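Each remark here refers to the structure printed beneath this line.
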Amino acid sequence: MNELVRKKLEPLPLVAIALLLLAACALPFFLSNYSTFQLTMVLVYAIALLGLNILTGYNGQISLGHGAFYAIGAYATAVLMDKFGWPYWATLPVAAAVCLLAGFLFGLPALRLEGPYLALATFALAIALPQILKYKHLEEWTGGVQGIVIMKPESPIATLFGQKMNSDRWLYFVTLAVTVLMFVIGWNLLRGRIGRALVAIRDQPVAAASMGIDNAMYKSLAFGVSAMFTGVAGALSAIVVAFVAPDSFTVFLSLSLMVGMVIGGLASIWGALFGALVVQFVPNVADHISKAAPGAIYGAMLILFMYVMPTGIVGAIRLAWGKLRRLRKS
Amino acid sequence: METFLHQLVAGFATGGIYASVALALVMIYQATHNINFAQGELAMFATYICWSLINAGVPYWVAFFSTIAISFCLGVLIERIIIRPVERAPVLTVVTVFLGLLFILNSMAGWIFTYTIKSFPSPFPKHPPFGWTFISSHELGAVGVTLVVLTLLYCFFRFTPLGLAMRAAAQNPDSSRLVGIRVGWMLALGWGLAAAIGSTAGMMVAPIVFLDPNMMSGILLYAFAAALVGGIDSPGGAVLGGFLVGILENIVGAYLIGTELKLTVALVLIVGVLVVRPAGLFGKVIVTRV
């Protein structure tokens, strides 16, 4: 929340971001193709979580159905590539626009819903979604239960700095570029007037309205922008996985996004990155124990974080950092 | 006509199940103004307990009533241990804790009982009752069980001192505390009762939908719709809403759109009611003072 007020970046975080980017660029050359793919998915989830965080963390509208916008983005890309032969990069803006519109439209009725009711409506959306995607009159477009298989794009350059540039590595860099772009957009959006307005609506809707903020407009716009972020993530995931099917967008996906956001850190841009790591790697590791383990660990983490550290991983880091600084001063 | 009658009656039977779950939701909503997203998973877990009791050789009705008792205790324990610390927390925190509970119950069921689909016995005879062709014995029995549960609950809340105390605690906690009602324990009792009602719904629906850890997700959705149609703070409304939604689901499914979009009907109902008339048919219209 402090980030909002801070107008310009301090030098230390700037250096940290530069180092992080450098590491992100170097990493795929030291990893196997599969690990590179996993890292790509972390970036994809980070974008989706940033989107959800704009809506739930900053604006206080609880969405348990963001998997729906993820799915819409993924299907938009898959249909455009499969049925119309569009190149993958051209589908991203379209997926973003479609999700912006879809989110804005869903945000209009959501204006009248508060707190648990909105959670309920979006929860219903998450549960009903796979059924809508399987619907037989849409099958011509969506491919029904089978879904759509798309061609994984090849890398246009064969080598980079003497290293092989296969399609996994190429897609990683594409995703990284989009991620950086989306985070810069998100950061710009949230640090200024709009971000303050969103937080004001979350904390004191009446006061916000009396200060001249158009609550309805901001709330539905937050829904639209949030859906757009998540839709771009969905579109990227369709390209990276090269496959979409109704059963990859179950309620578990929507709830996982919620888990990632809460554990990463509410109302924090960096929280999205930590949350994405959790969403990608916790199920991966836990699956070795039992099929039921990811759910159990998610559940335990959710409750534990709510009791002990409601501000998530980012909150914990901030707390530790503050203590460290105070120690050094004294 | 015969098929229409059958759809109507089948709708009535599933409606009873929605009504029970909706009633459980309303009980918790009335007391705490929270929507319990884990209600379905609680019922599912209870049904698994009943299943393992029956498999251990316990007669059906003994297993049935012990499951209700166990669910009651489980509900009370969950309220005391997990929900109580976040009683006064913001909505997002409470929703998150409910989701955590949902995750834990769902995966515990999967862990202990595996994810394979199991058949669940019905206590009622296989052949249709009295030679009727438009209803199965199980459907009739399920409606009967639901009605018995509802009557018992009504009597409990209407005629016993404890029921009165619980209603008072839900309506006005501060004044209730002043007259010596232990409000915290009333909330826990409410949770226990809600879990017990939910468990009867789970045991009645399991022979129809079969037993697996995700069996309640669709039913929970319809129960949400039922509670909202009836008005989420009105127990009577929730029951009526349950039957209405059950019948509507079957008729719409049979004649208008087919069974593939059943969940979407629930989604449309939920969003529709929330947008057009958030208080439902019998709920109180909430007016907030600014």
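Chain labels A, B, ... are given in the sequence in which chains occur in the structure tokens; within each chain residues are numbered consecutively from 1, and ligands are likewise numbered from 1 in the order shown.
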
Excluding same-chain residues fewer than 3 positions from Tyr34 in chain A, what lies within 12 Å of it counting only C-alpha atoms, as a PyMOL selection string?
chain A and resi 28+30-31+37-41+166-169+172+240-241

Within 7 Å of range 61-73 of chain B, counting only C-alpha atoms, which residues show up once you throw out same-chain ones fewer than 3 positions away? Write them as a PyMOL selection string, please.
chain B and resi 46+49-50+53-54+58+76-77+192-193+195-196+199-200

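Using only C-alpha atoms, the residues found no farther than 12 Å from Arg84 in chain B, other than those of its own chain fewer than 3 positions away, are Tyr307 of chain A; Thr32, Val76, Leu77, Ile78, Glu79, Arg80, Ile81, Glu87, Arg88, Ala89, Val94, Val97, Val183, Gly184, Trp185, Leu187, Ala188 and Trp191 of chain B.
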
Export of prior selection with C-alpha atoms as a PDB file, in the first residue's frame:
ATOM      1  CA  TYR A 307      -4.196 -15.896  10.895  1.00  0.00           C
TER       2      TYR A 307
ATOM      3  CA  THR B  32     -22.705 -14.207  11.019  1.00  0.00           C
ATOM      4  CA  VAL B  76     -19.222 -26.976  16.320  1.00  0.00           C
ATOM      5  CA  LEU B  77     -15.494 -27.768  16.321  1.00  0.00           C
ATOM      6  CA  ILE B  78     -14.888 -25.915  13.051  1.00  0.00           C
ATOM      7  CA  GLU B  79     -16.659 -22.836  14.363  1.00  0.00           C
ATOM      8  CA  ARG B  80     -14.765 -22.899  17.647  1.00  0.00           C
ATOM      9  CA  ILE B  81     -11.321 -23.556  16.198  1.00  0.00           C
ATOM     10  CA  GLU B  87     -15.215 -13.531  13.412  1.00  0.00           C
ATOM     11  CA  ARG B  88     -14.706  -9.778  13.191  1.00  0.00           C
ATOM     12  CA  ALA B  89     -12.286  -9.795  10.264  1.00  0.00           C
ATOM     13  CA  VAL B  94     -13.516 -14.684   6.013  1.00  0.00           C
ATOM     14  CA  VAL B  97     -10.748 -18.913   5.364  1.00  0.00           C
ATOM     15  CA  VAL B 183     -23.723 -15.710  22.000  1.00  0.00           C
ATOM     16  CA  GLY B 184     -20.455 -17.385  21.025  1.00  0.00           C
ATOM     17  CA  TRP B 185     -21.819 -20.811  21.854  1.00  0.00           C
ATOM     18  CA  LEU B 187     -23.031 -19.373  16.894  1.00  0.00           C
ATOM     19  CA  ALA B 188     -21.191 -22.652  17.361  1.00  0.00           C
ATOM     20  CA  TRP B 191     -22.732 -24.130  12.788  1.00  0.00           C
TER      21      TRP B 191
END

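For chain B, the residues no farther than 6 Å from chain A when using only C-alpha atoms are Val97, Gly100, Phe103, Ile104, Ser107, Gly110, Trp111, Leu263, Thr264, Leu267 and Val271 of chain B.
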
Just the selected residues (N, CA and C atoms), exported as a PDB file, in the first residue's frame, please.
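Wrote result18.pdb, looks like this:
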ATOM      1  N   VAL B  97     -10.777 -17.800   4.413  1.00  0.00           N
ATOM      2  CA  VAL B  97     -10.748 -18.913   5.364  1.00  0.00           C
ATOM      3  C   VAL B  97     -11.743 -19.997   4.938  1.00  0.00           C
ATOM      4  N   GLY B 100     -10.175 -21.911   2.256  1.00  0.00           N
ATOM      5  CA  GLY B 100      -9.178 -22.815   2.811  1.00  0.00           C
ATOM      6  C   GLY B 100      -9.833 -24.077   3.343  1.00  0.00           C
ATOM      7  N   PHE B 103     -10.861 -26.288   0.457  1.00  0.00           N
ATOM      8  CA  PHE B 103      -9.708 -27.024  -0.066  1.00  0.00           C
ATOM      9  C   PHE B 103      -9.371 -28.197   0.845  1.00  0.00           C
ATOM     10  N   ILE B 104      -9.317 -27.922   2.155  1.00  0.00           N
ATOM     11  CA  ILE B 104      -8.862 -28.953   3.085  1.00  0.00           C
ATOM     12  C   ILE B 104      -9.846 -30.119   3.126  1.00  0.00           C
ATOM     13  N   SER B 107      -9.687 -32.139  -0.195  1.00  0.00           N
ATOM     14  CA  SER B 107      -8.530 -33.002  -0.418  1.00  0.00           C
ATOM     15  C   SER B 107      -8.401 -34.054   0.674  1.00  0.00           C
ATOM     16  N   GLY B 110     -10.458 -36.813  -0.573  1.00  0.00           N
ATOM     17  CA  GLY B 110      -9.760 -37.501  -1.655  1.00  0.00           C
ATOM     18  C   GLY B 110      -8.623 -38.350  -1.113  1.00  0.00           C
ATOM     19  N   TRP B 111      -7.939 -37.854  -0.113  1.00  0.00           N
ATOM     20  CA  TRP B 111      -6.787 -38.531   0.460  1.00  0.00           C
ATOM     21  C   TRP B 111      -7.211 -39.813   1.180  1.00  0.00           C
ATOM     22  N   LEU B 263     -25.762 -26.114 -14.974  1.00  0.00           N
ATOM     23  CA  LEU B 263     -25.061 -25.220 -14.039  1.00  0.00           C
ATOM     24  C   LEU B 263     -25.168 -23.768 -14.485  1.00  0.00           C
ATOM     25  N   THR B 264     -25.226 -23.585 -15.792  1.00  0.00           N
ATOM     26  CA  THR B 264     -25.348 -22.222 -16.296  1.00  0.00           C
ATOM     27  C   THR B 264     -26.679 -21.618 -15.880  1.00  0.00           C
ATOM     28  N   LEU B 267     -26.143 -20.271 -12.579  1.00  0.00           N
ATOM     29  CA  LEU B 267     -25.363 -19.026 -12.657  1.00  0.00           C
ATOM     30  C   LEU B 267     -26.265 -17.861 -13.036  1.00  0.00           C
ATOM     31  N   VAL B 271     -26.966 -14.590 -10.671  1.00  0.00           N
ATOM     32  CA  VAL B 271     -26.652 -13.214 -11.075  1.00  0.00           C
ATOM     33  C   VAL B 271     -27.949 -12.430 -11.262  1.00  0.00           C
TER      34      VAL B 271
END

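Reported to one decimal place, the separation of CA of Pro93 in chain A from CA of Met151 in chain A is 19.0 Å.
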
Range 31-205 of chain A: which residues are alpha helix (DSSP H) by DSSP, as number ranges by chain?
A: 33-52, 66-84, 88-110, 115-134, 139-142, 167-191, 193-203, 205

Counting only C-alpha atoms, what is within 12 Å of Ala279 in chain B, bar same-chain residues fewer than 6 positions away, as a list in words?
Leu113 and Tyr117 of chain A; Ala227, Leu228, Val229, Gly230, Gly231, Ile232, Asp233, Ser234, Gly237, Ala238, Ile270, Gly272, Val273, Val285, Ile286 and Val287 of chain B

For Ala19 in chain B: contacts at 10 Å, only C-alpha atoms, fewer than 5 positions along chain excluded, given as a list in words
Phe12, Ala13, Thr14, Ala24, Leu25, Thr146, Leu147, Leu150, Ile197, Gly198, Ala201, Tyr222, Ala223, Phe224, Ala226, Ala227, Gly230, Pro235, Gly236, Gly237, Ala238, Val239, Leu240, Gly241, Gly242, Phe243, Leu244, Val245 and Gly246 of chain B

With C-alpha atoms kept, could you save the residues just selected as an mmCIF file, in the first residue's frame?
data_model
loop_
_atom_site.group_PDB
_atom_site.id
_atom_site.type_symbol
_atom_site.label_atom_id
_atom_site.label_comp_id
_atom_site.auth_asym_id
_atom_site.auth_seq_id
_atom_site.Cartn_x
_atom_site.Cartn_y
_atom_site.Cartn_z
ATOM 1 C CA PHE B 12 -39.478 -31.698 -6.111
ATOM 2 C CA ALA B 13 -37.143 -34.421 -4.819
ATOM 3 C CA THR B 14 -33.904 -32.653 -5.776
ATOM 4 C CA ALA B 24 -27.860 -24.616 6.182
ATOM 5 C CA LEU B 25 -26.407 -21.638 4.310
ATOM 6 C CA THR B 146 -36.308 -33.355 4.054
ATOM 7 C CA LEU B 147 -39.779 -32.536 5.335
ATOM 8 C CA LEU B 150 -37.610 -29.066 8.282
ATOM 9 C CA ILE B 197 -28.727 -30.457 8.019
ATOM 10 C CA GLY B 198 -26.164 -30.420 5.242
ATOM 11 C CA ALA B 201 -28.799 -33.566 2.222
ATOM 12 C CA TYR B 222 -28.126 -24.653 -6.829
ATOM 13 C CA ALA B 223 -28.416 -24.226 -3.087
ATOM 14 C CA PHE B 224 -26.883 -20.753 -3.433
ATOM 15 C CA ALA B 226 -32.227 -21.355 -3.875
ATOM 16 C CA ALA B 227 -31.115 -19.318 -0.874
ATOM 17 C CA GLY B 230 -35.932 -17.162 -1.297
ATOM 18 C CA PRO B 235 -35.224 -19.738 6.394
ATOM 19 C CA GLY B 236 -38.745 -20.273 5.070
ATOM 20 C CA GLY B 237 -37.839 -18.481 1.879
ATOM 21 C CA ALA B 238 -34.768 -20.681 1.438
ATOM 22 C CA VAL B 239 -36.872 -23.832 1.701
ATOM 23 C CA LEU B 240 -39.422 -22.574 -0.791
ATOM 24 C CA GLY B 241 -36.599 -21.342 -3.013
ATOM 25 C CA GLY B 242 -35.047 -24.800 -2.891
ATOM 26 C CA PHE B 243 -38.180 -26.512 -4.139
ATOM 27 C CA LEU B 244 -38.758 -23.805 -6.764
ATOM 28 C CA VAL B 245 -35.211 -24.020 -8.077
ATOM 29 C CA GLY B 246 -35.315 -27.837 -8.107
#
